[in-house]
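> Sharing entry-v4.pdb here; it has PDB, C-alpha atoms, pLDDT in the B column.
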```pdb
ATOM      1  CA  MET C   1       0.000   0.000   0.000  1.00 46.00           C
ATOM      2  CA  ASP C   2       1.425   3.363  -1.016  1.00 48.00           C
ATOM      3  CA  ALA C   3       1.892   6.021   1.618  1.00 48.00           C
ATOM      4  CA  HIS C   4       1.015   9.495   0.453  1.00 49.00           C
ATOM      5  CA  ILE C   5       2.552  12.433   2.275  1.00 45.00           C
ATOM      6  CA  THR C   6       1.291  15.915   1.605  1.00 46.00           C
ATOM      7  CA  ASN C   7       2.326  19.326   2.817  1.00 48.00           C
ATOM      8  CA  THR C   8      -1.064  20.831   2.093  1.00 46.00           C
ATOM      9  CA  PRO C   9      -2.496  22.305   5.295  1.00 45.00           C
ATOM     10  CA  ALA C  10      -5.836  21.058   6.526  1.00 45.00           C
ATOM     11  CA  ARG C  11      -8.793  23.058   5.360  1.00 48.00           C
ATOM     12  CA  ALA C  12     -10.515  25.297   7.828  1.00 41.00           C
ATOM     13  CA  ARG C  13     -13.822  24.120   9.197  1.00 44.00           C
ATOM     14  CA  THR C  14     -16.804  25.621   7.475  1.00 42.00           C
ATOM     15  CA  ASP C  15     -19.457  24.502   9.956  1.00 43.00           C
ATOM     16  CA  VAL C  16     -18.485  27.233  12.449  1.00 43.00           C
ATOM     17  CA  GLY C  17     -18.403  30.768  11.117  1.00 43.00           C
ATOM     18  CA  ALA C  18     -15.426  32.896  11.997  1.00 40.00           C
ATOM     19  CA  ALA C  19     -17.699  35.663  13.194  1.00 49.00           C
ATOM     20  CA  ASP C  20     -19.278  33.264  15.669  1.00 61.00           C
ATOM     21  CA  THR C  21     -16.011  32.456  17.447  1.00 60.00           C
ATOM     22  CA  LEU C  22     -14.755  34.945  19.984  1.00 63.00           C
ATOM     23  CA  PRO C  23     -11.250  33.972  21.183  1.00 57.00           C
ATOM     24  CA  THR C  24      -9.920  35.079  24.531  1.00 53.00           C
ATOM     25  CA  ASP C  25      -6.306  35.718  25.373  1.00 52.00           C
ATOM     26  CA  ARG C  26      -6.204  32.410  27.235  1.00 54.00           C
ATOM     27  CA  HIS C  27      -7.138  30.658  23.981  1.00 44.00           C
ATOM     28  CA  VAL C  28     -10.438  29.429  25.359  1.00 52.00           C
ATOM     29  CA  PRO C  29     -12.975  30.059  22.624  1.00 64.00           C
ATOM     30  CA  ILE C  30     -16.453  31.253  23.386  1.00 78.00           C
ATOM     31  CA  THR C  31     -18.977  31.578  20.636  1.00 89.00           C
ATOM     32  CA  ALA C  32     -21.090  34.603  19.975  1.00 91.00           C
ATOM     33  CA  ARG C  33     -24.041  32.246  20.008  1.00 94.00           C
ATOM     34  CA  THR C  34     -23.281  31.256  23.591  1.00 94.00           C
ATOM     35  CA  ILE C  35     -23.017  34.880  24.684  1.00 96.00           C
ATOM     36  CA  ARG C  36     -26.290  35.685  22.955  1.00 96.00           C
ATOM     37  CA  ARG C  37     -27.986  32.746  24.639  1.00 97.00           C
ATOM     38  CA  LEU C  38     -26.705  33.709  28.079  1.00 97.00           C
ATOM     39  CA  GLY C  39     -27.581  37.360  27.500  1.00 97.00           C
ATOM     40  CA  LEU C  40     -31.148  36.494  26.586  1.00 97.00           C
ATOM     41  CA  THR C  41     -31.263  34.212  29.633  1.00 98.00           C
ATOM     42  CA  LEU C  42     -30.365  37.210  31.799  1.00 98.00           C
ATOM     43  CA  THR C  43     -33.174  39.269  30.271  1.00 98.00           C
ATOM     44  CA  ALA C  44     -35.709  36.458  30.449  1.00 98.00           C
ATOM     45  CA  CYS C  45     -34.885  35.849  34.113  1.00 98.00           C
ATOM     46  CA  THR C  46     -35.031  39.540  35.010  1.00 97.00           C
ATOM     47  CA  VAL C  47     -38.450  40.345  33.558  1.00 97.00           C
ATOM     48  CA  PRO C  48     -40.563  38.055  35.816  1.00 96.00           C
ATOM     49  CA  TRP C  49     -39.074  39.430  39.033  1.00 95.00           C
ATOM     50  CA  ALA C  50     -39.395  43.002  37.803  1.00 95.00           C
ATOM     51  CA  ALA C  51     -43.056  42.374  36.920  1.00 94.00           C
ATOM     52  CA  VAL C  52     -43.781  40.936  40.376  1.00 93.00           C
ATOM     53  CA  ASN C  53     -42.077  43.913  42.011  1.00 90.00           C
ATOM     54  CA  PHE C  54     -44.234  46.277  39.969  1.00 89.00           C
ATOM     55  CA  VAL C  55     -47.391  44.527  41.179  1.00 87.00           C
ATOM     56  CA  VAL C  56     -46.563  43.187  44.656  1.00 83.00           C
ATOM     57  CA  GLY C  57     -43.482  45.099  45.700  1.00 74.00           C
ATOM     58  CA  PRO C  58     -40.522  43.717  47.647  1.00 70.00           C
ATOM     59  CA  ASN C  59     -42.400  43.588  50.956  1.00 67.00           C
ATOM     60  CA  GLY C  60     -45.524  41.692  49.965  1.00 64.00           C
ATOM     61  CA  ASP C  61     -47.286  39.338  52.347  1.00 69.00           C
ATOM     62  CA  GLY C  62     -48.570  35.790  52.023  1.00 78.00           C
ATOM     63  CA  LEU C  63     -48.746  34.435  48.505  1.00 84.00           C
ATOM     64  CA  GLY C  64     -47.319  37.642  47.071  1.00 84.00           C
ATOM     65  CA  SER C  65     -44.209  37.257  49.181  1.00 86.00           C
ATOM     66  CA  ARG C  66     -43.726  33.669  48.074  1.00 91.00           C
ATOM     67  CA  ILE C  67     -44.100  34.626  44.411  1.00 93.00           C
ATOM     68  CA  ASN C  68     -41.631  37.455  44.915  1.00 92.00           C
ATOM     69  CA  ASN C  69     -39.045  35.100  46.409  1.00 93.00           C
ATOM     70  CA  LEU C  70     -39.440  32.453  43.722  1.00 95.00           C
ATOM     71  CA  THR C  71     -39.204  34.955  40.886  1.00 95.00           C
ATOM     72  CA  ALA C  72     -36.164  36.440  42.668  1.00 95.00           C
ATOM     73  CA  LEU C  73     -34.673  32.961  42.398  1.00 97.00           C
ATOM     74  CA  ILE C  74     -35.272  33.069  38.655  1.00 97.00           C
ATOM     75  CA  PHE C  75     -33.523  36.449  38.539  1.00 97.00           C
ATOM     76  CA  GLN C  76     -30.553  34.977  40.389  1.00 97.00           C
ATOM     77  CA  PHE C  77     -30.283  32.276  37.741  1.00 97.00           C
ATOM     78  CA  GLY C  78     -29.952  35.134  35.271  1.00 97.00           C
ATOM     79  CA  LEU C  79     -27.123  36.581  37.348  1.00 98.00           C
ATOM     80  CA  ILE C  80     -25.343  33.229  37.186  1.00 97.00           C
ATOM     81  CA  ALA C  81     -25.666  33.373  33.391  1.00 97.00           C
ATOM     82  CA  LEU C  82     -24.135  36.856  33.433  1.00 98.00           C
ATOM     83  CA  VAL C  83     -21.226  35.805  35.646  1.00 97.00           C
ATOM     84  CA  THR C  84     -20.645  32.872  33.287  1.00 95.00           C
ATOM     85  CA  VAL C  85     -20.173  35.291  30.389  1.00 96.00           C
ATOM     86  CA  GLN C  86     -17.863  37.400  32.523  1.00 95.00           C
ATOM     87  CA  MET C  87     -15.769  34.366  33.438  1.00 93.00           C
ATOM     88  CA  ARG C  88     -15.516  33.010  29.908  1.00 92.00           C
ATOM     89  CA  THR C  89     -14.495  36.386  28.481  1.00 92.00           C
ATOM     90  CA  ARG C  90     -12.135  37.238  31.376  1.00 93.00           C
ATOM     91  CA  ALA C  91     -14.127  40.448  31.830  1.00 94.00           C
ATOM     92  CA  THR C  92     -12.431  41.405  35.096  1.00 94.00           C
ATOM     93  CA  GLY C  93      -8.926  40.760  33.757  1.00 92.00           C
ATOM     94  CA  THR C  94      -6.599  37.850  33.165  1.00 88.00           C
ATOM     95  CA  SER C  95      -4.890  37.679  36.545  1.00 91.00           C
ATOM     96  CA  ARG C  96      -5.626  34.968  39.075  1.00 92.00           C
ATOM     97  CA  VAL C  97      -7.155  37.482  41.484  1.00 93.00           C
ATOM     98  CA  SER C  98      -9.492  38.747  38.759  1.00 93.00           C
ATOM     99  CA  MET C  99     -10.802  35.256  38.153  1.00 92.00           C
ATOM    100  CA  ILE C 100     -11.114  34.565  41.874  1.00 95.00           C
ATOM    101  CA  MET C 101     -13.420  37.594  42.116  1.00 95.00           C
ATOM    102  CA  LEU C 102     -15.887  35.934  39.773  1.00 96.00           C
ATOM    103  CA  LYS C 103     -15.631  32.580  41.513  1.00 96.00           C
ATOM    104  CA  VAL C 104     -16.315  34.260  44.842  1.00 97.00           C
ATOM    105  CA  GLU C 105     -19.385  35.900  43.328  1.00 97.00           C
ATOM    106  CA  LEU C 106     -20.678  32.514  42.242  1.00 96.00           C
ATOM    107  CA  GLY C 107     -20.019  31.305  45.756  1.00 96.00           C
ATOM    108  CA  LEU C 108     -22.175  34.126  47.108  1.00 97.00           C
ATOM    109  CA  LEU C 109     -24.970  33.579  44.606  1.00 97.00           C
ATOM    110  CA  ILE C 110     -25.474  29.908  45.396  1.00 96.00           C
ATOM    111  CA  PRO C 111     -26.555  30.362  49.060  1.00 96.00           C
ATOM    112  CA  ALA C 112     -28.471  33.485  48.027  1.00 96.00           C
ATOM    113  CA  CYS C 113     -30.418  31.297  45.602  1.00 97.00           C
ATOM    114  CA  LEU C 114     -30.982  28.781  48.378  1.00 96.00           C
ATOM    115  CA  TRP C 115     -32.434  31.504  50.609  1.00 94.00           C
ATOM    116  CA  SER C 116     -34.848  32.643  47.893  1.00 94.00           C
ATOM    117  CA  LEU C 117     -36.021  29.076  47.372  1.00 95.00           C
ATOM    118  CA  LEU C 118     -36.447  28.284  51.050  1.00 94.00           C
ATOM    119  CA  HIS C 119     -38.106  31.593  51.854  1.00 90.00           C
ATOM    120  CA  GLY C 120     -40.537  30.937  49.036  1.00 90.00           C
ATOM    121  CA  ILE C 121     -41.576  27.426  50.020  1.00 92.00           C
ATOM    122  CA  LEU C 122     -41.088  27.012  53.788  1.00 90.00           C
ATOM    123  CA  PRO C 123     -44.013  27.386  56.225  1.00 88.00           C
ATOM    124  CA  LEU C 124     -44.453  30.844  57.706  1.00 82.00           C
ATOM    125  CA  ASP C 125     -43.312  29.778  61.176  1.00 80.00           C
ATOM    126  CA  MET C 126     -39.931  28.727  59.788  1.00 84.00           C
ATOM    127  CA  ARG C 127     -39.182  31.772  57.676  1.00 80.00           C
ATOM    128  CA  ASP C 128     -37.864  33.766  60.640  1.00 80.00           C
ATOM    129  CA  ALA C 129     -35.476  31.069  61.821  1.00 87.00           C
ATOM    130  CA  THR C 130     -31.988  32.253  62.767  1.00 89.00           C
ATOM    131  CA  TRP C 131     -30.240  29.854  60.382  1.00 90.00           C
ATOM    132  CA  LEU C 132     -32.314  31.190  57.503  1.00 90.00           C
ATOM    133  CA  ALA C 133     -31.474  34.773  58.488  1.00 90.00           C
ATOM    134  CA  VAL C 134     -27.783  33.863  58.262  1.00 93.00           C
ATOM    135  CA  ILE C 135     -28.255  32.575  54.717  1.00 94.00           C
ATOM    136  CA  ASP C 136     -30.153  35.759  53.904  1.00 92.00           C
ATOM    137  CA  LEU C 137     -26.903  37.716  54.338  1.00 95.00           C
ATOM    138  CA  PHE C 138     -25.646  36.264  51.067  1.00 95.00           C
ATOM    139  CA  TRP C 139     -28.363  38.116  49.120  1.00 93.00           C
ATOM    140  CA  PRO C 140     -27.016  41.633  49.782  1.00 93.00           C
ATOM    141  CA  LEU C 141     -23.426  40.366  49.723  1.00 96.00           C
ATOM    142  CA  SER C 142     -23.962  38.936  46.248  1.00 96.00           C
ATOM    143  CA  MET C 143     -25.331  42.271  45.013  1.00 95.00           C
ATOM    144  CA  VAL C 144     -22.366  44.148  46.500  1.00 95.00           C
ATOM    145  CA  GLY C 145     -20.158  41.619  44.729  1.00 96.00           C
ATOM    146  CA  MET C 146     -21.863  42.319  41.408  1.00 96.00           C
ATOM    147  CA  PHE C 147     -21.236  46.036  41.853  1.00 96.00           C
ATOM    148  CA  VAL C 148     -17.546  45.481  42.640  1.00 96.00           C
ATOM    149  CA  ILE C 149     -17.258  43.294  39.536  1.00 97.00           C
ATOM    150  CA  SER C 150     -18.835  45.994  37.380  1.00 96.00           C
ATOM    151  CA  MET C 151     -16.298  48.522  38.617  1.00 96.00           C
ATOM    152  CA  LYS C 152     -13.469  46.117  37.787  1.00 96.00           C
ATOM    153  CA  ILE C 153     -14.887  45.548  34.304  1.00 96.00           C
ATOM    154  CA  VAL C 154     -15.014  49.285  33.627  1.00 96.00           C
ATOM    155  CA  PHE C 155     -11.473  49.711  34.957  1.00 95.00           C
ATOM    156  CA  GLU C 156      -9.991  46.817  32.957  1.00 93.00           C
ATOM    157  CA  GLY C 157     -11.606  47.863  29.680  1.00 92.00           C
ATOM    158  CA  ARG C 158     -11.679  44.362  28.204  1.00 93.00           C
ATOM    159  CA  TRP C 159     -15.347  44.861  27.473  1.00 95.00           C
ATOM    160  CA  SER C 160     -15.905  47.899  25.317  1.00 93.00           C
ATOM    161  CA  GLY C 161     -18.537  50.245  23.975  1.00 95.00           C
ATOM    162  CA  ILE C 162     -21.962  50.407  25.526  1.00 96.00           C
ATOM    163  CA  VAL C 163     -21.642  46.936  27.105  1.00 97.00           C
ATOM    164  CA  ARG C 164     -18.640  48.036  29.159  1.00 96.00           C
ATOM    165  CA  TRP C 165     -20.571  50.904  30.713  1.00 96.00           C
ATOM    166  CA  TRP C 166     -24.008  49.321  30.858  1.00 97.00           C
ATOM    167  CA  VAL C 167     -22.749  46.583  33.148  1.00 97.00           C
ATOM    168  CA  LEU C 168     -22.057  49.337  35.699  1.00 96.00           C
ATOM    169  CA  VAL C 169     -25.599  50.662  35.241  1.00 96.00           C
ATOM    170  CA  ALA C 170     -27.097  47.203  35.735  1.00 96.00           C
ATOM    171  CA  GLU C 171     -24.999  46.132  38.690  1.00 95.00           C
ATOM    172  CA  SER C 172     -25.695  49.370  40.559  1.00 94.00           C
ATOM    173  CA  TRP C 173     -29.280  48.169  41.024  1.00 93.00           C
ATOM    174  CA  ALA C 174     -29.059  47.527  44.774  1.00 90.00           C
ATOM    175  CA  PHE C 175     -27.540  50.959  45.376  1.00 91.00           C
ATOM    176  CA  VAL C 176     -30.461  52.630  43.584  1.00 91.00           C
ATOM    177  CA  SER C 177     -33.466  50.505  44.536  1.00 89.00           C
ATOM    178  CA  ILE C 178     -32.855  50.073  48.263  1.00 87.00           C
ATOM    179  CA  PRO C 179     -32.244  53.773  49.045  1.00 88.00           C
ATOM    180  CA  SER C 180     -35.286  54.695  46.951  1.00 88.00           C
ATOM    181  CA  LEU C 181     -37.485  52.535  49.181  1.00 84.00           C
ATOM    182  CA  PHE C 182     -36.375  54.464  52.246  1.00 85.00           C
ATOM    183  CA  ALA C 183     -36.335  57.892  50.619  1.00 84.00           C
ATOM    184  CA  LEU C 184     -39.499  57.674  48.507  1.00 85.00           C
ATOM    185  CA  GLY C 185     -41.577  55.092  50.352  1.00 82.00           C
ATOM    186  CA  GLU C 186     -42.749  51.686  49.239  1.00 78.00           C
ATOM    187  CA  PRO C 187     -45.272  52.645  46.497  1.00 82.00           C
ATOM    188  CA  VAL C 188     -42.796  54.830  44.592  1.00 86.00           C
ATOM    189  CA  GLY C 189     -39.652  52.963  45.609  1.00 84.00           C
ATOM    190  CA  ARG C 190     -40.861  49.647  44.268  1.00 87.00           C
ATOM    191  CA  TRP C 191     -41.493  51.225  40.863  1.00 90.00           C
ATOM    192  CA  VAL C 192     -38.002  52.677  40.875  1.00 92.00           C
ATOM    193  CA  GLY C 193     -36.487  49.318  41.766  1.00 91.00           C
ATOM    194  CA  ALA C 194     -38.563  47.310  39.296  1.00 93.00           C
ATOM    195  CA  GLY C 195     -37.999  49.826  36.523  1.00 94.00           C
ATOM    196  CA  TYR C 196     -34.270  49.848  37.182  1.00 95.00           C
ATOM    197  CA  LEU C 197     -34.195  46.067  36.872  1.00 96.00           C
ATOM    198  CA  ILE C 198     -35.595  46.340  33.349  1.00 96.00           C
ATOM    199  CA  VAL C 199     -33.388  49.253  32.357  1.00 96.00           C
ATOM    200  CA  GLY C 200     -30.278  47.729  33.924  1.00 96.00           C
ATOM    201  CA  TYR C 201     -30.140  43.947  33.834  1.00 97.00           C
ATOM    202  CA  GLY C 202     -32.904  43.491  31.284  1.00 97.00           C
ATOM    203  CA  MET C 203     -31.229  45.809  28.786  1.00 98.00           C
ATOM    204  CA  LEU C 204     -27.756  44.412  29.521  1.00 98.00           C
ATOM    205  CA  GLY C 205     -28.937  40.984  28.444  1.00 98.00           C
ATOM    206  CA  VAL C 206     -30.305  42.436  25.206  1.00 98.00           C
ATOM    207  CA  LEU C 207     -27.030  44.262  24.543  1.00 97.00           C
ATOM    208  CA  LEU C 208     -25.038  41.063  25.077  1.00 97.00           C
ATOM    209  CA  ALA C 209     -27.312  39.322  22.598  1.00 97.00           C
ATOM    210  CA  LEU C 210     -27.011  42.090  20.012  1.00 96.00           C
ATOM    211  CA  ARG C 211     -23.302  42.931  20.422  1.00 95.00           C
ATOM    212  CA  PRO C 212     -21.455  39.880  21.792  1.00 95.00           C
ATOM    213  CA  GLU C 213     -18.224  41.020  20.122  1.00 92.00           C
ATOM    214  CA  LEU C 214     -18.001  43.899  22.605  1.00 94.00           C
ATOM    215  CA  THR C 215     -17.075  41.403  25.320  1.00 93.00           C
ATOM    216  CA  VAL C 216     -13.757  40.633  23.600  1.00 87.00           C
ATOM    217  CA  PRO C 217     -10.780  43.038  23.685  1.00 81.00           C
ATOM    218  CA  ARG C 218     -10.417  44.990  20.436  1.00 68.00           C
ATOM    219  CA  GLN C 219      -6.950  43.618  19.682  1.00 60.00           C
ATOM    220  CA  LEU C 220      -8.281  40.045  19.704  1.00 59.00           C
ATOM    221  CA  ARG C 221     -11.215  40.561  17.365  1.00 54.00           C
ATOM    222  CA  ARG C 222     -11.040  39.077  13.926  1.00 53.00           C
TER     223      ARG C 222
END
```
Starting from the coordinates I provided, produce the structure as structure tokens.


Amino acid sequence: MDAHITNTPARARTDVGAADTLPTDRHVPITARTIRRLGLTLTACTVPWAAVNFVVGPNGDGLGSRINNLTALIFQFGLIALVTVQMRTRATGTSRVSMIMLKVELGLLIPACLWSLLHGILPLDMRDATWLAVIDLFWPLSMVGMFVISMKIVFEGRWSGIVRWWVLVAESWAFVSIPSLFALGEPVGRWVGAGYLIVGYGMLGVLLALRPELTVPRQLRR
């Protein structure tokens, strides 16, 4: 049997478009399709909680409170999708500390999700338990973590254009909605908070879906 040796390089794959592959500087590819999917997940998970906050508010009682907590859990799933994009694109930088920031945020979101679930399904006489109040601390800590991450993303400049700055708008939600409740009262404050969810996280997801290339440093774009 004859052996044929050729110096002709292998042909490039045609089943994956070049525009759909977004390389990072660690050579871990992420597709634009994946970013779009995760961005739309963020938006889809934000809208239900925002809608419930418009109608019920953050301090609803009875069934309204349970619905608020369970839709908050859905929102937190959206945050996990967002952090996934940030991790895959090295949004906070390429250093080990920058990646640890995102892993810590995931670590804060997981017990925060657990609190939302438990507070939505447990009997009323268990919802004020001390152990559950301890888990509740991860909710505000996770939102503070998101804000710190947004500041790091703006500082690093790996994300660019409107996405770079809109992440700061979105992840400032806790620092806008909570003070508005105290300053403006519950009826007005809940509209501010719910509206800011749509404008911030809801729009950020849409922007990621429309402009996934903005999550990759300019010098690495094809």

> For C:Val163, which residue among C:Trp131, C:Met146, C:Gly39, C:Val104 is the nearest when counting all atoms listed in the file?

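The closest residue to C:Val163 is C:Gly39.
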
> On this structure, the PyMOL selection byres ((chain C and resi 69) around 7) would catch which residues? List them as a PyMOL selection string, sorted by chain and number.

chain C and resi 65-68+70-73+116-117+119-120

> Figure out the distance between atom CA of C:Trp139 and atom CA of C:Ala112, please, to one decimal in Å.

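According to the coordinates, atom CA of C:Ala112 and atom CA of C:Trp139 are separated by 4.8 Å.
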
> What's around C:Val192 at 9 Å? Count only C-alpha atoms, leave out sequence neighbours fewer than 5 positions away in its own chain, and write the answer as a count of residues only.

6

> So the first atom is atom CA of C:Ala170 and the second is atom CA of C:Arg96; what is the distance between them in Å, to one decimal place?

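Those two atoms sit 24.9 Å apart.
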
> Of the residues C:Gly189, C:Gly93, C:Gly107, C:Gly195, which is the one nearest to C:Ser150, using all atoms listed in the file?

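Of the candidates, the smallest distance to C:Ser150 is held by C:Gly93.
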
> Choose the residue, out of C:Met87, C:Leu124, C:Leu141, C:Ala209, that has the smallest atom-to-atom separation from C:Ile30; count all atoms listed in the file.

C:Met87

> Could you name the residues that touch C:Lys103 at 12 Å or less, counting all atoms listed in the file, but leaving out those on the same chain fewer than 2 positions away, as a PyMOL selection string?

chain C and resi 80+83-84+86-88+90+92+96-101+105-110+142+145-146+149

> So how many Å separate atom CA of C:Arg190 and atom CA of C:Pro58, to one decimal?

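Computing it gives 6.8 Å between the two atoms.
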
> Apply the PyMOL selection byres ((chain C and resi 166) around 9) to the displayed file and report the matching residues as number ranges by chain.

C: 150, 161-165, 167-171, 200-201, 203-204, 207

> Which residue out of C:Glu213, C:Asp136, C:Ile74, C:Arg37 has the minimum interatomic distance to C:Val52 when all atoms listed in the file are used?

C:Ile74

> For C:Leu137, which residue out of C:Ile35, C:Thr43, C:Cys113, C:Pro187 is the nearest one, using only C-alpha atoms?

C:Cys113

> Ranking C:Gly205, C:Gly62, C:Pro111, C:Pro212 by minimum distance to C:Val134 and counting all atoms listed in the file, which one comes first?

C:Pro111
